[in-house]
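S.K.: Structure provided below as structure tokens; questions to follow.
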Amino acid sequence: MFPKEEQACIGGQRLAPESLMMSYGYNPAWSEGAIKPPIFQTSTFVFNSAEEGKAHFELAYGLRQANPDEEMGLIYSRLNNPSLEILEHRLCLWDGAEDAASFASGMAAISTTLLALLKPGDVVLHSEPVYGGSDYFLKNVLPKFGITAVGFRPHATPAELTAQVAGIEQGRLAMIFVETPANPTNHLVDLEACAALARQHGSEENPIRLVVDNTFLGPVFQHPLKHGADVVLYSATKFLGGHSDLIAGAALASRPLMKEIKAMRTFMGTMCDPNTGWMLMRSLETLKLRMERAATSAQVVADWLRRHPLVERTYYLTHLEHNPVQQDIYRRHCLSPGSMISFDIRGGEKEAFRFLNALKLIKLAVSLGGTESLAEHPATMTHSDISVPEQAEMGITPQMIRLSIGVEDARDLLLDLGQAFAAVGVPSEVPKLELA
Ligand SMILES: *Cc1c(COP(=O)(O)O)cnc(C)c1O
């Protein structure tokens with residue numbers, strides 16, 4: 001077996017994830033000394049002997065326990081593939097996870113994980129709002145399998161949440177599913193409080209798993225496993241991929257939970273393909289650089305927006321002075337506000353659309369976490385599936401615009417935002433910023 005642990009330390013000191021993204025889990029001797037792992041573009045793997053094939057299948061199908069130091073052998077690319085295994089080992093480093101699985105999309109990671117950990121009769125308690133696809137899966141797909149989804153409102157107090165859990169029939173609550181910060185409001189959910197609830201009401205026979213969609217801040221700026229989460233999920237399409245050129249997802253958890261999730265992935269065939277796995281590894285090399293740079297620009301943009309006469313309010317994680325509860329969660333969970341900003345433009349949908357249509361450098365598109373800045377209108381785009389009264393309860397307004405800030409120069413972003421505000425009717429002053 002390849003000594004990954006030795007690679008991760010120098011003189012007993014553990015190296016930072018960003019230092020390991022170029023080399024961890026790969027031995028150049030496997031590939032003629034190539035410094036980068038090749039793309040293992042293969043469907044199947046040749047066994048050295050029939051006995052070896054038998055041994056690999058015994059492990060893959062759980063017919064016997066692994067010997068010490070024995071890893072699952074390569075069989076077939078729906079089960080495992082080196083391009084994905086190296087990627088998965090690297091993904092573990094950011095979140096401090098024991099194991100990870102890569103998926104064909106964020107929705108593949110979410111749906112596979114939920115189907116792996118839930119059974120008919122179970123109840124999932126989930127935060128609101130969540131990503132539109134997750135919302136649909138929870139409310140329209142899971143019920144077909146006899147699983148009930150119950151949402152909790154953004155400003156539910158710990159007492160209200162406890163009452164909601166107490167109202168669920170004993171033994172039926174199997175999962176608390178949380179997206180934090182929430183898309184598109186940046187609303188934070190207290191993971192430590194949710195983990196305490198799960199522990200308090202769960203038991204060995206009926207565990208309650210805390211599953212967290214960490215797409216918005218992770219894996220650099222928030223680490224839910226450290227706050228009591230059992231599973232962390234990602235749309236790797238966003239920051240992990242980071243260049244708006246691939247669709248992928250990931251799940252991270254303890255080894256026993258990942259065994260269940262990977263088994264479901266094998267039978268649903270929702271794994272990532274080797275080429276996408278390789279692209280993700282390339283992206284991981286610059287992950288921290290990209291996320292930090294985007295967050296620096298986002299802070300400048302958010303502060304500028306907050307002072308703009310056409311902006312009614314901003315939804316941004318360092319603009320929480322008036323909300324001590326949210327500010328406290330931010331201090332406990334988040335290492336940075338990240339690069340997602342929502343704001344309410346004065347007026348309504350008409351003004352929001354005029355603004356969006358006038359943008360030049362910032363592209364009008366859904367998705368987020370890429371190198372380029374994007375803008376969209378949640379009420380009629382990403383969250384249009386949610387009824388208007390429900391949108392209102394979740395804090396999604398008709399005049400809300402969501403920005404994903406990329407790695408462009410911050411001054412140029414302000415120039416673009418300024419001219420778009422001018423198109424709505426109020427010219428803006430763009431401060432003289434030093435080019436970074
Ligand atoms: C985009 C997104 C998803 C879905 O991911 P895909 O890769 O598009 O399937 C899930 N959760 C959040 C928070 C997202 O932003």
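Ordered as shown in the structure tokens, chains take letters A, B, and onward, while each chain numbers its residues from 1 and ligands are numbered from 1 in the order shown.
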Skipping near chain neighbours, those fewer than 4 positions away, what residues fall within 12 Å of A:Gly249 using only C-alpha atoms, listed as a PyMOL selection string?

M.R.: chain A and resi 84+87-88+91+100-113+213-215+232-241+265+270-273+276-277+280

S.K.: Identify, on the basis of only C-alpha atoms, every residue whose closest approach to stretch 363-367 of chain A does not exceed 9 Å; exclude the query and any residue fewer than 2 positions from it along the same chain; express the result as a ChimeraX atom specification.

M.R.: /A:237-238,244,356-357,359-361,369-370,372-378,381-382,404

S.K.: From stretch 294-326 of chain A, collect each residue whose DSSP state is strand (DSSP E) and return the set as an NGL selection string.

M.R.: :A and (311-315)

S.K.: Rank A:Phe216, A:Tyr136, A:Tyr76, A:Phe343 by their smallest atom-to-atom distance to A:Gly242, using only C-alpha atoms, and report the top residue only.

M.R.: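 Between A:Phe216, A:Tyr136, A:Tyr76, A:Phe343, the residue approaching A:Gly242 most closely is A:Phe216.
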
S.K.: Record the distance separating atom CA of A:Arg313 and atom CA of A:Ala156, expressed in Å with one decimal.

M.R.: 21.6 Å

S.K.: Smallest atom-to-atom distance to A:Ser336: which of A:Arg354, A:Arg307, A:His322, A:Lys288, using only C-alpha atoms?

M.R.: A:Lys288

S.K.: I need the residue nearest A:Leu287 from this list: A:Gly218, A:Pro37, A:Pro28, A:Gly171. Use only C-alpha atoms for the distance.

M.R.: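 Looking only at the distances to A:Leu287, the closest residue turns out to be A:Gly218.
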